[in-house]
>>> print(open('upload24.txt').read())   # compact mmCIF, C-alpha atoms
# COMPACT_ATOMS: atom_id res chain seq x y z
CA MET A 263 -123.35 -53.48 85.66
CA ILE A 264 -121.89 -56.42 87.60
CA ARG A 265 -124.00 -57.17 90.66
CA THR A 266 -121.78 -58.08 93.61
CA ALA A 267 -122.50 -59.30 97.13
CA ILE A 268 -120.24 -59.45 100.17
CA VAL A 269 -120.62 -62.43 102.49
CA GLY A 270 -119.03 -61.89 105.88
CA THR A 271 -118.87 -58.30 107.10
CA GLY A 272 -115.79 -58.43 109.32
CA GLY A 273 -112.62 -56.39 109.03
CA ILE A 274 -111.30 -57.68 105.70
CA ALA A 275 -114.59 -56.90 103.96
CA GLY A 276 -114.61 -53.25 104.95
CA ILE A 277 -110.88 -52.61 104.85
CA CYS A 278 -110.07 -54.32 101.54
CA HIS A 279 -113.09 -55.50 99.54
CA VAL A 280 -115.33 -52.45 99.68
CA PRO A 281 -112.54 -50.02 98.66
CA ALA A 282 -111.55 -52.33 95.80
CA LEU A 283 -115.15 -52.44 94.59
CA ARG A 284 -115.47 -48.65 94.83
CA VAL A 285 -112.59 -48.31 92.37
CA GLN A 286 -114.59 -50.54 90.00
CA ALA A 287 -117.83 -48.59 90.51
CA HIS A 288 -118.03 -47.92 86.77
CA ARG A 289 -118.78 -51.60 86.18
CA ALA A 290 -119.62 -53.18 89.56
CA GLU A 291 -122.14 -52.36 92.28
CA ILE A 292 -122.57 -53.86 95.74
CA VAL A 293 -126.18 -55.03 95.97
CA ALA A 294 -126.15 -57.05 99.20
CA ALA A 295 -124.29 -57.80 102.42
CA VAL A 296 -124.62 -61.08 104.30
CA ASP A 297 -123.67 -61.94 107.88
CA VAL A 298 -125.11 -64.28 110.49
CA ASP A 299 -124.90 -61.33 112.89
CA ALA A 300 -127.82 -59.17 111.79
CA VAL A 301 -126.68 -56.13 113.80
CA ARG A 302 -123.23 -56.22 112.27
CA ALA A 303 -124.63 -56.72 108.78
CA GLU A 304 -127.02 -53.78 109.16
CA ALA A 305 -124.24 -51.53 110.44
CA PHE A 306 -121.94 -52.57 107.59
CA ALA A 307 -124.63 -51.94 104.98
CA ALA A 308 -125.47 -48.54 106.47
CA GLU A 309 -121.81 -47.51 106.55
CA HIS A 310 -121.19 -48.48 102.94
CA GLY A 311 -124.55 -47.66 101.37
CA ILE A 312 -125.47 -51.25 100.52
CA PRO A 313 -129.20 -51.62 99.79
CA ALA A 314 -129.93 -55.20 100.87
CA VAL A 315 -129.02 -57.06 104.06
CA HIS A 316 -129.35 -60.80 104.69
CA THR A 317 -128.41 -63.25 107.41
CA ASP A 318 -128.67 -66.32 105.15
CA LEU A 319 -126.52 -66.94 102.08
CA HIS A 320 -129.05 -69.07 100.24
CA THR A 321 -131.80 -66.49 100.69
CA MET A 322 -129.52 -63.77 99.37
CA LEU A 323 -128.56 -65.84 96.33
CA ARG A 324 -132.21 -66.53 95.55
CA GLU A 325 -133.53 -63.01 96.09
CA GLU A 326 -130.63 -60.82 94.88
CA ARG A 327 -129.17 -63.05 92.13
CA PRO A 328 -125.64 -61.55 92.27
CA ASP A 329 -123.17 -62.04 89.44
CA VAL A 330 -120.15 -62.15 91.77
CA VAL A 331 -119.89 -63.03 95.47
CA HIS A 332 -116.97 -61.98 97.68
CA LEU A 333 -116.48 -64.58 100.42
CA CYS A 334 -114.99 -62.96 103.52
CA THR A 335 -116.09 -65.58 106.03
CA PRO A 336 -114.01 -67.87 108.30
CA PRO A 337 -112.08 -70.56 106.42
CA PHE A 338 -114.19 -73.55 107.47
CA LEU A 339 -117.19 -72.05 105.65
CA HIS A 340 -115.49 -71.36 102.33
CA ALA A 341 -115.97 -74.66 100.49
CA GLU A 342 -119.66 -75.06 101.30
CA GLN A 343 -120.43 -71.41 100.57
CA ALA A 344 -118.40 -71.32 97.36
CA VAL A 345 -120.21 -74.39 96.03
CA ALA A 346 -123.58 -72.84 96.91
CA CYS A 347 -122.70 -69.66 95.03
CA LEU A 348 -121.43 -71.55 91.99
CA ASN A 349 -124.56 -73.70 91.92
CA ALA A 350 -126.59 -70.49 91.93
CA GLY A 351 -124.65 -69.22 88.91
CA ALA A 352 -122.55 -66.64 90.79
CA TRP A 353 -118.81 -66.26 90.33
CA VAL A 354 -116.79 -66.39 93.58
CA TRP A 355 -113.80 -64.40 94.78
CA CYS A 356 -112.73 -66.04 98.03
CA GLU A 357 -110.41 -64.91 100.78
CA LYS A 358 -107.49 -67.13 101.72
CA PRO A 359 -107.33 -69.89 102.56
CA VAL A 360 -109.95 -70.82 99.97
CA ALA A 361 -110.24 -74.29 101.48
CA LEU A 362 -108.99 -76.35 104.39
CA SER A 363 -107.67 -79.13 102.16
CA LEU A 364 -106.99 -80.14 98.59
CA ALA A 365 -110.18 -82.21 98.75
CA GLU A 366 -112.23 -79.10 99.50
CA LEU A 367 -110.43 -77.10 96.83
CA ASP A 368 -111.13 -79.76 94.22
CA ARG A 369 -114.76 -79.87 95.33
CA ILE A 370 -115.04 -76.16 94.57
CA ARG A 371 -113.43 -76.56 91.16
CA ALA A 372 -115.73 -79.49 90.34
CA ALA A 373 -118.77 -77.31 91.08
CA GLU A 374 -117.80 -74.77 88.44
CA GLY A 375 -119.91 -74.57 85.33
CA THR A 376 -120.82 -71.30 83.70
CA ALA A 377 -119.61 -69.68 86.94
CA ALA A 378 -116.07 -69.95 88.31
CA ALA A 379 -114.15 -69.33 91.52
CA GLY A 380 -110.89 -67.52 92.23
CA ALA A 381 -108.61 -67.04 95.24
CA VAL A 382 -107.54 -63.76 96.79
CA PHE A 383 -103.75 -63.77 96.26
CA GLN A 384 -103.18 -60.07 95.81
CA HIS A 385 -99.39 -60.06 96.17
CA ARG A 386 -98.96 -61.54 92.70
CA TYR A 387 -100.52 -58.42 91.20
CA GLY A 388 -98.22 -55.60 92.33
CA SER A 389 -96.09 -54.03 89.62
CA GLY A 390 -92.84 -55.15 91.26
CA ALA A 391 -93.77 -58.84 91.11
CA ARG A 392 -95.03 -58.51 87.55
CA TYR A 393 -91.81 -56.78 86.48
CA LEU A 394 -89.64 -59.43 88.15
CA ARG A 395 -91.52 -62.21 86.36
CA GLU A 396 -91.03 -60.40 83.04
CA LEU A 397 -87.28 -60.00 83.59
CA ILE A 398 -86.89 -63.66 84.52
CA ALA A 399 -88.95 -64.81 81.54
CA ALA A 400 -86.77 -62.71 79.23
CA GLY A 401 -83.58 -64.18 80.72
CA THR A 402 -82.36 -60.71 81.68
CA LEU A 403 -81.32 -61.68 85.22
CA GLY A 404 -79.97 -65.15 84.51
CA ARG A 405 -81.12 -68.44 85.97
CA PRO A 406 -82.91 -68.50 89.38
CA LEU A 407 -80.67 -70.22 91.93
CA VAL A 408 -81.56 -69.46 95.56
CA ALA A 409 -84.60 -67.95 97.29
CA GLN A 410 -85.82 -67.04 100.77
CA CYS A 411 -89.50 -66.75 101.65
CA VAL A 412 -90.13 -65.41 105.14
CA THR A 413 -93.40 -64.60 106.89
CA THR A 414 -92.47 -63.73 110.46
CA TRP A 415 -95.52 -62.20 112.09
CA TYR A 416 -96.79 -61.85 115.65
CA ARG A 417 -100.15 -63.00 116.95
CA ASP A 418 -100.67 -62.94 120.71
CA ASP A 419 -102.87 -65.19 122.81
CA ALA A 420 -105.84 -62.80 122.51
CA TYR A 421 -105.81 -63.29 118.75
CA TYR A 422 -106.77 -66.91 119.31
CA ASP A 423 -109.72 -66.04 121.56
CA VAL A 424 -111.82 -65.95 118.38
CA PRO A 425 -113.51 -69.39 118.51
CA TRP A 426 -112.60 -70.55 114.99
CA ARG A 427 -108.90 -69.76 115.23
CA GLY A 428 -106.21 -72.21 116.18
CA THR A 429 -108.15 -75.41 115.48
CA TRP A 430 -107.83 -77.96 112.70
CA ARG A 431 -111.58 -78.18 112.25
CA SER A 432 -112.28 -74.50 111.66
CA GLU A 433 -109.00 -72.83 110.66
CA GLY A 434 -107.47 -75.85 108.97
CA GLY A 435 -103.88 -75.07 109.92
CA GLY A 436 -101.60 -72.51 111.50
CA PRO A 437 -99.41 -69.80 109.94
CA THR A 438 -98.36 -72.08 107.09
CA LEU A 439 -101.92 -72.08 105.76
CA GLY A 440 -103.33 -68.85 107.16
CA HIS A 441 -100.44 -66.38 106.99
CA GLY A 442 -97.40 -67.48 105.01
CA ILE A 443 -99.51 -68.73 102.13
CA HIS A 444 -99.41 -65.24 100.56
CA GLN A 445 -95.62 -65.07 100.35
CA MET A 446 -95.39 -68.69 99.21
CA ASP A 447 -97.88 -67.95 96.45
CA LEU A 448 -95.80 -64.98 95.32
CA MET A 449 -92.65 -67.11 95.41
CA LEU A 450 -94.31 -69.74 93.21
CA SER A 451 -95.51 -67.08 90.76
CA VAL A 452 -91.86 -66.05 90.31
CA LEU A 453 -90.04 -69.41 90.40
CA GLY A 454 -92.63 -71.67 88.81
CA PRO A 455 -93.46 -75.29 89.71
CA TRP A 456 -91.91 -76.81 92.82
CA ALA A 457 -90.58 -80.37 92.84
CA GLU A 458 -89.77 -81.44 96.41
CA VAL A 459 -90.34 -80.27 99.99
CA ARG A 460 -88.64 -81.12 103.28
CA ALA A 461 -90.03 -79.48 106.42
CA MET A 462 -90.30 -79.14 110.18
CA ALA A 463 -93.10 -77.54 112.20
CA GLY A 464 -94.13 -77.22 115.80
CA ARG A 465 -96.37 -75.67 118.41
CA LEU A 466 -93.83 -73.76 120.47
CA ASP A 467 -95.69 -71.06 122.39
CA ARG A 468 -99.39 -70.63 121.53
CA ASP A 469 -102.23 -72.65 123.05
CA VAL A 470 -103.53 -73.97 119.74
CA GLU A 471 -104.04 -77.33 118.05
CA THR A 472 -102.03 -76.45 114.95
CA GLU A 473 -98.44 -75.36 114.46
CA ASP A 474 -97.37 -71.82 115.33
CA VAL A 475 -94.14 -72.03 113.32
CA SER A 476 -92.91 -73.98 110.31
CA THR A 477 -89.77 -74.12 108.20
CA ALA A 478 -89.13 -75.81 104.88
CA LEU A 479 -86.65 -76.43 102.09
CA VAL A 480 -88.20 -76.36 98.64
CA ARG A 481 -86.54 -77.52 95.43
CA PHE A 482 -88.03 -76.22 92.19
CA GLU A 483 -88.26 -77.88 88.80
CA ASN A 484 -85.82 -75.30 87.42
CA GLY A 485 -83.25 -76.37 90.01
CA ALA A 486 -83.59 -73.40 92.36
CA ILE A 487 -83.67 -74.09 96.11
CA ALA A 488 -85.64 -71.97 98.60
CA THR A 489 -85.93 -71.72 102.36
CA VAL A 490 -89.36 -70.95 103.81
CA VAL A 491 -90.21 -69.70 107.32
CA ASN A 492 -93.73 -69.13 108.66
CA SER A 493 -94.24 -67.82 112.19
CA VAL A 494 -96.75 -66.07 114.42
CA LEU A 495 -94.17 -65.77 117.24
CA SER A 496 -91.98 -62.97 115.89
CA PRO A 497 -92.14 -59.58 117.72
CA ARG A 498 -90.45 -57.78 114.82
CA GLU A 499 -92.86 -58.55 112.02
CA GLU A 500 -91.77 -58.82 108.42
CA SER A 501 -92.65 -60.33 105.08
CA TYR A 502 -89.45 -60.91 103.15
CA LEU A 503 -88.62 -62.48 99.81
CA ARG A 504 -85.18 -62.76 98.29
CA PHE A 505 -84.39 -64.13 94.85
CA ASP A 506 -80.76 -64.78 93.95
CA LEU A 507 -80.33 -65.26 90.22
CA ALA A 508 -77.13 -65.76 88.26
CA ASP A 509 -76.85 -62.03 87.51
CA ALA A 510 -78.89 -60.27 90.18
CA THR A 511 -80.35 -60.35 93.68
CA VAL A 512 -83.90 -59.02 94.04
CA GLU A 513 -85.38 -58.45 97.49
CA LEU A 514 -88.79 -57.46 98.80
CA ARG A 515 -89.38 -56.28 102.40
CA HIS A 516 -92.86 -55.36 103.53
CA LEU A 517 -95.56 -56.56 105.91
CA TYR A 518 -99.07 -56.79 104.48
CA GLY A 519 -98.59 -55.16 101.09
CA TYR A 520 -95.90 -53.53 98.99
CA SER A 521 -95.18 -50.81 96.45
CA ASN A 522 -92.16 -50.35 94.18
CA ALA A 523 -90.29 -48.64 97.01
CA ASP A 524 -90.19 -51.91 98.96
CA TRP A 525 -88.03 -53.69 96.34
CA THR A 526 -84.22 -53.70 96.28
CA PHE A 527 -82.20 -54.65 93.21
CA THR A 528 -78.53 -55.61 93.13
CA GLY A 529 -77.27 -56.45 89.63
CA ARG A 530 -73.96 -57.78 88.34
CA ASN A 531 -74.45 -56.10 84.97
CA PRO A 532 -74.49 -52.28 85.28
CA GLY A 533 -76.50 -52.09 82.07
CA VAL A 534 -79.49 -53.80 83.68
CA LYS A 535 -81.70 -51.48 85.74
CA TRP A 536 -84.68 -52.10 88.00
CA GLU A 537 -87.25 -49.81 86.37
CA PRO A 538 -90.85 -51.05 86.60
CA PRO A 539 -92.95 -49.12 84.09
CA ASP A 540 -95.58 -48.24 86.71
CA ASP A 541 -96.07 -48.34 90.49
CA LEU A 542 -99.08 -50.50 91.29
CA PRO A 543 -99.17 -51.63 94.94
CA SER A 544 -100.08 -55.22 95.73
CA SER A 545 -103.69 -55.00 96.85
CA HIS A 546 -107.21 -56.32 96.54
CA THR A 547 -107.78 -53.35 94.24
CA ALA A 548 -105.12 -54.54 91.80
CA GLN A 549 -106.34 -58.13 91.75
CA LEU A 550 -110.05 -57.33 91.58
CA ALA A 551 -109.51 -55.38 88.36
CA GLU A 552 -108.13 -58.52 86.71
CA PHE A 553 -110.79 -60.74 88.27
CA LEU A 554 -113.55 -58.59 86.78
CA ASP A 555 -111.75 -58.47 83.43
CA GLY A 556 -111.84 -62.26 83.49
CA TYR A 557 -115.48 -62.30 84.47
CA GLU A 558 -116.40 -60.08 81.54
CA ALA A 559 -114.32 -62.18 79.15
CA GLY A 560 -115.48 -65.52 80.55
CA ILE A 561 -111.95 -66.51 81.62
CA ARG A 562 -111.76 -68.80 84.64
CA PRO A 563 -109.69 -67.26 87.49
CA ASP A 564 -106.89 -69.04 89.33
CA LEU A 565 -108.01 -70.94 92.43
CA GLY A 566 -104.44 -71.34 93.67
CA ARG A 567 -104.14 -75.12 93.57
CA PRO A 568 -100.33 -75.23 93.11
CA THR A 569 -99.95 -73.08 96.21
CA MET A 570 -102.34 -75.24 98.22
CA GLU A 571 -100.48 -78.34 97.03
CA LEU A 572 -97.21 -76.84 98.30
CA VAL A 573 -98.82 -76.00 101.66
CA THR A 574 -100.19 -79.54 101.93
CA ALA A 575 -96.81 -81.03 101.07
CA LEU A 576 -95.15 -78.88 103.72
CA TYR A 577 -97.53 -80.22 106.37
CA LYS A 578 -97.04 -83.80 105.19
CA ALA A 579 -93.26 -83.45 105.21
CA ALA A 580 -93.33 -81.94 108.71
CA VAL A 581 -95.67 -84.58 110.14
CA THR A 582 -94.05 -87.61 108.50
CA GLY A 583 -90.44 -86.44 108.65
CA ARG A 584 -89.72 -87.35 105.06
CA PRO A 585 -89.48 -85.51 101.72
CA VAL A 586 -92.63 -85.00 99.65
CA VAL A 587 -92.56 -84.70 95.88
CA ARG A 588 -95.10 -82.78 93.84
CA GLY A 589 -97.95 -84.93 92.61
CA GLU A 590 -97.73 -87.65 95.25
CA ILE A 591 -100.66 -86.33 97.29
CA ASP A 592 -103.70 -87.73 95.52
CA ALA A 593 -107.21 -88.62 96.71
CA SER A 594 -105.91 -91.77 98.40
CA ASP A 595 -103.46 -89.82 100.57
CA PRO A 596 -104.62 -88.96 104.13
CA PHE A 597 -103.19 -85.44 103.72
CA TYR A 598 -105.49 -84.82 100.74
CA GLY A 599 -108.50 -84.60 103.05
CA ALA A 600 -106.87 -82.84 106.03
CA LEU A 601 -103.60 -81.02 106.50
CA HIS A 602 -102.80 -83.05 109.62
CA GLY A 603 -103.12 -86.26 107.62
CA GLY A 604 -105.33 -87.92 110.21
CA ARG A 605 -102.92 -87.02 113.02
CA PRO A 606 -104.42 -83.90 114.65
CA GLU A 607 -102.14 -84.39 117.65
CA ALA A 608 -99.07 -83.95 115.45
CA PHE A 609 -97.94 -80.66 117.01
CA ARG A 610 -99.17 -81.19 120.56
>>> encode(input="upload24.txt", output="structure tokens")
Amino acid sequence: MIRTAIVGTGGIAGICHVPALRVQAHRAEIVAAVDVDAVRAEAFAAEHGIPAVHTDLHTMLREERPDVVHLCTPPFLHAEQAVACLNAGAWVWCEKPVALSLAELDRIRAAEGTAAAGAVFQHRYGSGARYLRELIAAGTLGRPLVAQCVTTWYRDDAYYDVPWRGTWRSEGGGPTLGHGIHQMDLMLSVLGPWAEVRAMAGRLDRDVETEDVSTALVRFENGAIATVVNSVLSPREESYLRFDLADATVELRHLYGYSNADWTFTGRNPGVKWEPPDDLPSSHTAQLAEFLDGYEAGIRPDLGRPTMELVTALYKAAVTGRPVVRGEIDASDPFYGALHGGRPEAFR
């Protein structure tokens, strides 16, 4: 039985991680919950039948010796906590954003040994996305040409009353990093490596340090060109992806998760149908199954570096006003260590 622990007992832990683990109850058990708020941790453990409660990560790692740790804490804690878990021999499944910078992400990867870390990017794992990738790989839909990647959500001023939100130091970035990253990750899983980014971003309406909206043009190695929009200012919320290929248009409209019913297919060839073999919603449940398969087989999970590199390039392009090509942001680049590139006033 795989011994799992949940660190951070806020909403995402109870809404997404516990149900996903319950589906895997035949091979995984929750042995501990950790939160700096003892009252909240005790209530969470009581609600979900978790036997051990801790307020300190290091104590939990020493006393409970979990095989896998789910990190559901605020973003600024992820790198330090992930490294601590890996050093203790525990695999890590970390909520997005896994890190506040490429430097932090690479620090996590460097700490891996017999244990490994993976990112929560559940939208890759729905049956619709898997089927689309299969059709593209087989050449059934023709060459990818144009794409749209839209995350237009709404977060009011009260959302930013939480102390760690809206600051470079603790949240790392705005909707580009914290919200749109899911749709951008799904776009990359479909279109493959990106080549160049041009972008604009700004703080238009929220009292935050970071951006509250960003837009970008992304050129891919296969020649496809995509537009990207990330916003927390949009009263009608939507997550939207559109892929125009030579012989078909495939669209996905949803908000926080999708099923097969959320996809629309328009094909030029009447002989080609959109018929996924199953209907698996995008979810923590879908991704956790594969994460645990990898754990049992000793296969290192994906930490999402290409996606984080795209996010970093978008910020650099927006701040500097010039195109950014993939691979140019190395350890000597100021944007490698912080998404504002040493200019935290960029969107003031």
>>> closest_residue(input="upload24.txt", among="A:Gly464, A:Trp353, A:Pro568, A:Pro606", to="A:Ile591", atoms="all atoms listed in the file")
A:Pro568
>>> closest_residue(input="upload24.txt", among="A:Arg417, A:Leu403, A:Gly351, A:Ala379", to="A:Thr528", atoms="all atoms listed in the file")
A:Leu403
>>> closest_residue(input="upload24.txt", among="A:Met446, A:Ala478, A:Ile370, A:Leu362", to="A:Pro337", atoms="only C-alpha atoms")
A:Leu362
>>> residues_around(input="upload24.txt", residues="A:Met322", least_positions_apart="5", cutoff="12 Å", atoms="all atoms listed in the file", output="JSON, numbers by chain")
{"A": [266, 267, 268, 269, 293, 294, 295, 296, 297, 298, 314, 315, 316, 317, 327, 328, 329, 331, 343, 346, 347, 350, 352]}
>>> write_last_selection(input="upload24.txt", atoms="C-alpha atoms", output="PDB file, keeping the file's coordinate frame")
ATOM      1  CA  THR A 266    -121.780 -58.080  93.610  1.00  0.00           C
ATOM      2  CA  ALA A 267    -122.500 -59.300  97.130  1.00  0.00           C
ATOM      3  CA  ILE A 268    -120.240 -59.450 100.170  1.00  0.00           C
ATOM      4  CA  VAL A 269    -120.620 -62.430 102.490  1.00  0.00           C
ATOM      5  CA  VAL A 293    -126.180 -55.030  95.970  1.00  0.00           C
ATOM      6  CA  ALA A 294    -126.150 -57.050  99.200  1.00  0.00           C
ATOM      7  CA  ALA A 295    -124.290 -57.800 102.420  1.00  0.00           C
ATOM      8  CA  VAL A 296    -124.620 -61.080 104.300  1.00  0.00           C
ATOM      9  CA  ASP A 297    -123.670 -61.940 107.880  1.00  0.00           C
ATOM     10  CA  VAL A 298    -125.110 -64.280 110.490  1.00  0.00           C
ATOM     11  CA  ALA A 314    -129.930 -55.200 100.870  1.00  0.00           C
ATOM     12  CA  VAL A 315    -129.020 -57.060 104.060  1.00  0.00           C
ATOM     13  CA  HIS A 316    -129.350 -60.800 104.690  1.00  0.00           C
ATOM     14  CA  THR A 317    -128.410 -63.250 107.410  1.00  0.00           C
ATOM     15  CA  ARG A 327    -129.170 -63.050  92.130  1.00  0.00           C
ATOM     16  CA  PRO A 328    -125.640 -61.550  92.270  1.00  0.00           C
ATOM     17  CA  ASP A 329    -123.170 -62.040  89.440  1.00  0.00           C
ATOM     18  CA  VAL A 331    -119.890 -63.030  95.470  1.00  0.00           C
ATOM     19  CA  GLN A 343    -120.430 -71.410 100.570  1.00  0.00           C
ATOM     20  CA  ALA A 346    -123.580 -72.840  96.910  1.00  0.00           C
ATOM     21  CA  CYS A 347    -122.700 -69.660  95.030  1.00  0.00           C
ATOM     22  CA  ALA A 350    -126.590 -70.490  91.930  1.00  0.00           C
ATOM     23  CA  ALA A 352    -122.550 -66.640  90.790  1.00  0.00           C
TER      24      ALA A 352
END
>>> atom_distance(input="upload24.txt", atom1="atom CA of A:Val412", atom2="atom CA of A:Glu499")
10.1 Å
>>> residues_around(input="upload24.txt", residues="A:Gln549", least_positions_apart="3", cutoff="8 Å", atoms="only C-alpha atoms", output="PDB file with C-alpha atoms, in the coordinates of the input")
ATOM      1  CA  VAL A 382    -107.540 -63.760  96.790  1.00  0.00           C
ATOM      2  CA  PHE A 383    -103.750 -63.770  96.260  1.00  0.00           C
ATOM      3  CA  GLN A 384    -103.180 -60.070  95.810  1.00  0.00           C
ATOM      4  CA  TYR A 387    -100.520 -58.420  91.200  1.00  0.00           C
ATOM      5  CA  SER A 544    -100.080 -55.220  95.730  1.00  0.00           C
ATOM      6  CA  SER A 545    -103.690 -55.000  96.850  1.00  0.00           C
ATOM      7  CA  HIS A 546    -107.210 -56.320  96.540  1.00  0.00           C
ATOM      8  CA  GLU A 552    -108.130 -58.520  86.710  1.00  0.00           C
ATOM      9  CA  PHE A 553    -110.790 -60.740  88.270  1.00  0.00           C
TER      10      PHE A 553
END
>>> residues_near_point(input="upload24.txt", point="(-118.0, -66.8, 109.2)", cutoff="12 Å", atoms="all atoms listed in the file", output="PyMOL selection string")
chain A and resi 268-275+296-299+317-319+333-343+357+424-427+432-433
>>> atom_distance(input="upload24.txt", atom1="atom CA of A:Val345", atom2="atom CA of A:Arg371")
8.6 Å
>>> atom_distance(input="upload24.txt", atom1="atom CA of A:Ala523", atom2="atom CA of A:Pro359")
27.8 Å
>>> residues_around(input="upload24.txt", residues="A:Arg392", least_positions_apart="3", cutoff="12 Å", atoms="all atoms listed in the file", output="list in words")
Gln384, His385, Arg386, Tyr387, Gly388, Ser389, Arg395, Glu396, Leu397, Ile398, Ala399, Leu448, Met449, Ser451, Val452, Ser521, Asn522, Glu537, Pro538, Pro539, Asp540, Asp541, Leu542, Pro543, Ser544 and Ala548 of chain A
>>> decode(input="upload24.txt", residues="stretch 285-343 of chain A", atoms="C-alpha atoms", output="short mmCIF file (atom, residue, chain, number, x, y, z; two decimals), in the first residue's frame")
data_model
loop_
_atom_site.label_atom_id
_atom_site.label_comp_id
_atom_site.auth_asym_id
_atom_site.auth_seq_id
_atom_site.Cartn_x
_atom_site.Cartn_y
_atom_site.Cartn_z
CA VAL A 285 -10.56 6.24 -6.08
CA GLN A 286 -7.07 4.76 -5.61
CA ALA A 287 -7.89 3.29 -2.19
CA HIS A 288 -6.97 -0.18 -3.44
CA ARG A 289 -3.32 0.87 -3.59
CA ALA A 290 -2.98 4.18 -1.69
CA GLU A 291 -3.90 5.29 1.82
CA ILE A 292 -3.80 8.74 3.40
CA VAL A 293 -1.70 8.42 6.55
CA ALA A 294 -1.21 12.07 7.54
CA ALA A 295 -2.40 15.64 7.08
CA VAL A 296 -0.19 18.67 7.63
CA ASP A 297 -1.12 22.32 8.12
CA VAL A 298 0.37 25.17 10.12
CA ASP A 299 -3.17 25.80 11.38
CA ALA A 300 -3.67 22.99 13.89
CA VAL A 301 -7.42 23.53 14.17
CA ARG A 302 -7.90 23.33 10.43
CA ALA A 303 -5.66 20.28 10.17
CA GLU A 304 -7.57 18.47 12.94
CA ALA A 305 -10.91 19.27 11.32
CA PHE A 306 -9.66 18.10 7.92
CA ALA A 307 -8.34 14.84 9.36
CA ALA A 308 -11.56 14.20 11.25
CA GLU A 309 -13.68 14.85 8.16
CA HIS A 310 -11.66 12.51 5.97
CA GLY A 311 -10.67 9.84 8.46
CA ILE A 312 -6.94 10.58 8.38
CA PRO A 313 -5.12 9.05 11.37
CA ALA A 314 -2.21 11.45 11.91
CA VAL A 315 -2.12 15.24 12.11
CA HIS A 316 0.98 17.45 12.08
CA THR A 317 1.74 21.16 11.97
CA ASP A 318 5.34 20.69 10.79
CA LEU A 319 6.35 19.08 7.51
CA HIS A 320 9.73 17.84 8.69
CA THR A 321 8.23 16.15 11.74
CA MET A 322 5.64 14.43 9.57
CA LEU A 323 8.28 13.20 7.14
CA ARG A 324 10.37 11.81 9.98
CA GLU A 325 7.55 10.17 11.94
CA GLU A 326 5.18 8.99 9.19
CA ARG A 327 7.68 8.21 6.39
CA PRO A 328 5.18 8.65 3.51
CA ASP A 329 5.88 7.28 0.06
CA VAL A 330 4.09 10.15 -1.71
CA VAL A 331 3.34 13.71 -0.56
CA HIS A 332 0.63 15.89 -2.10
CA LEU A 333 1.67 19.55 -1.82
CA CYS A 334 -1.41 21.77 -1.62
CA THR A 335 0.25 24.78 -0.02
CA PRO A 336 0.68 28.37 -1.31
CA PRO A 337 3.09 28.67 -4.24
CA PHE A 338 5.96 30.35 -2.38
CA LEU A 339 6.35 27.24 -0.20
CA HIS A 340 6.47 24.67 -2.98
CA ALA A 341 10.18 24.59 -3.83
CA GLU A 342 11.42 24.36 -0.25
CA GLN A 343 8.80 21.78 0.72
#
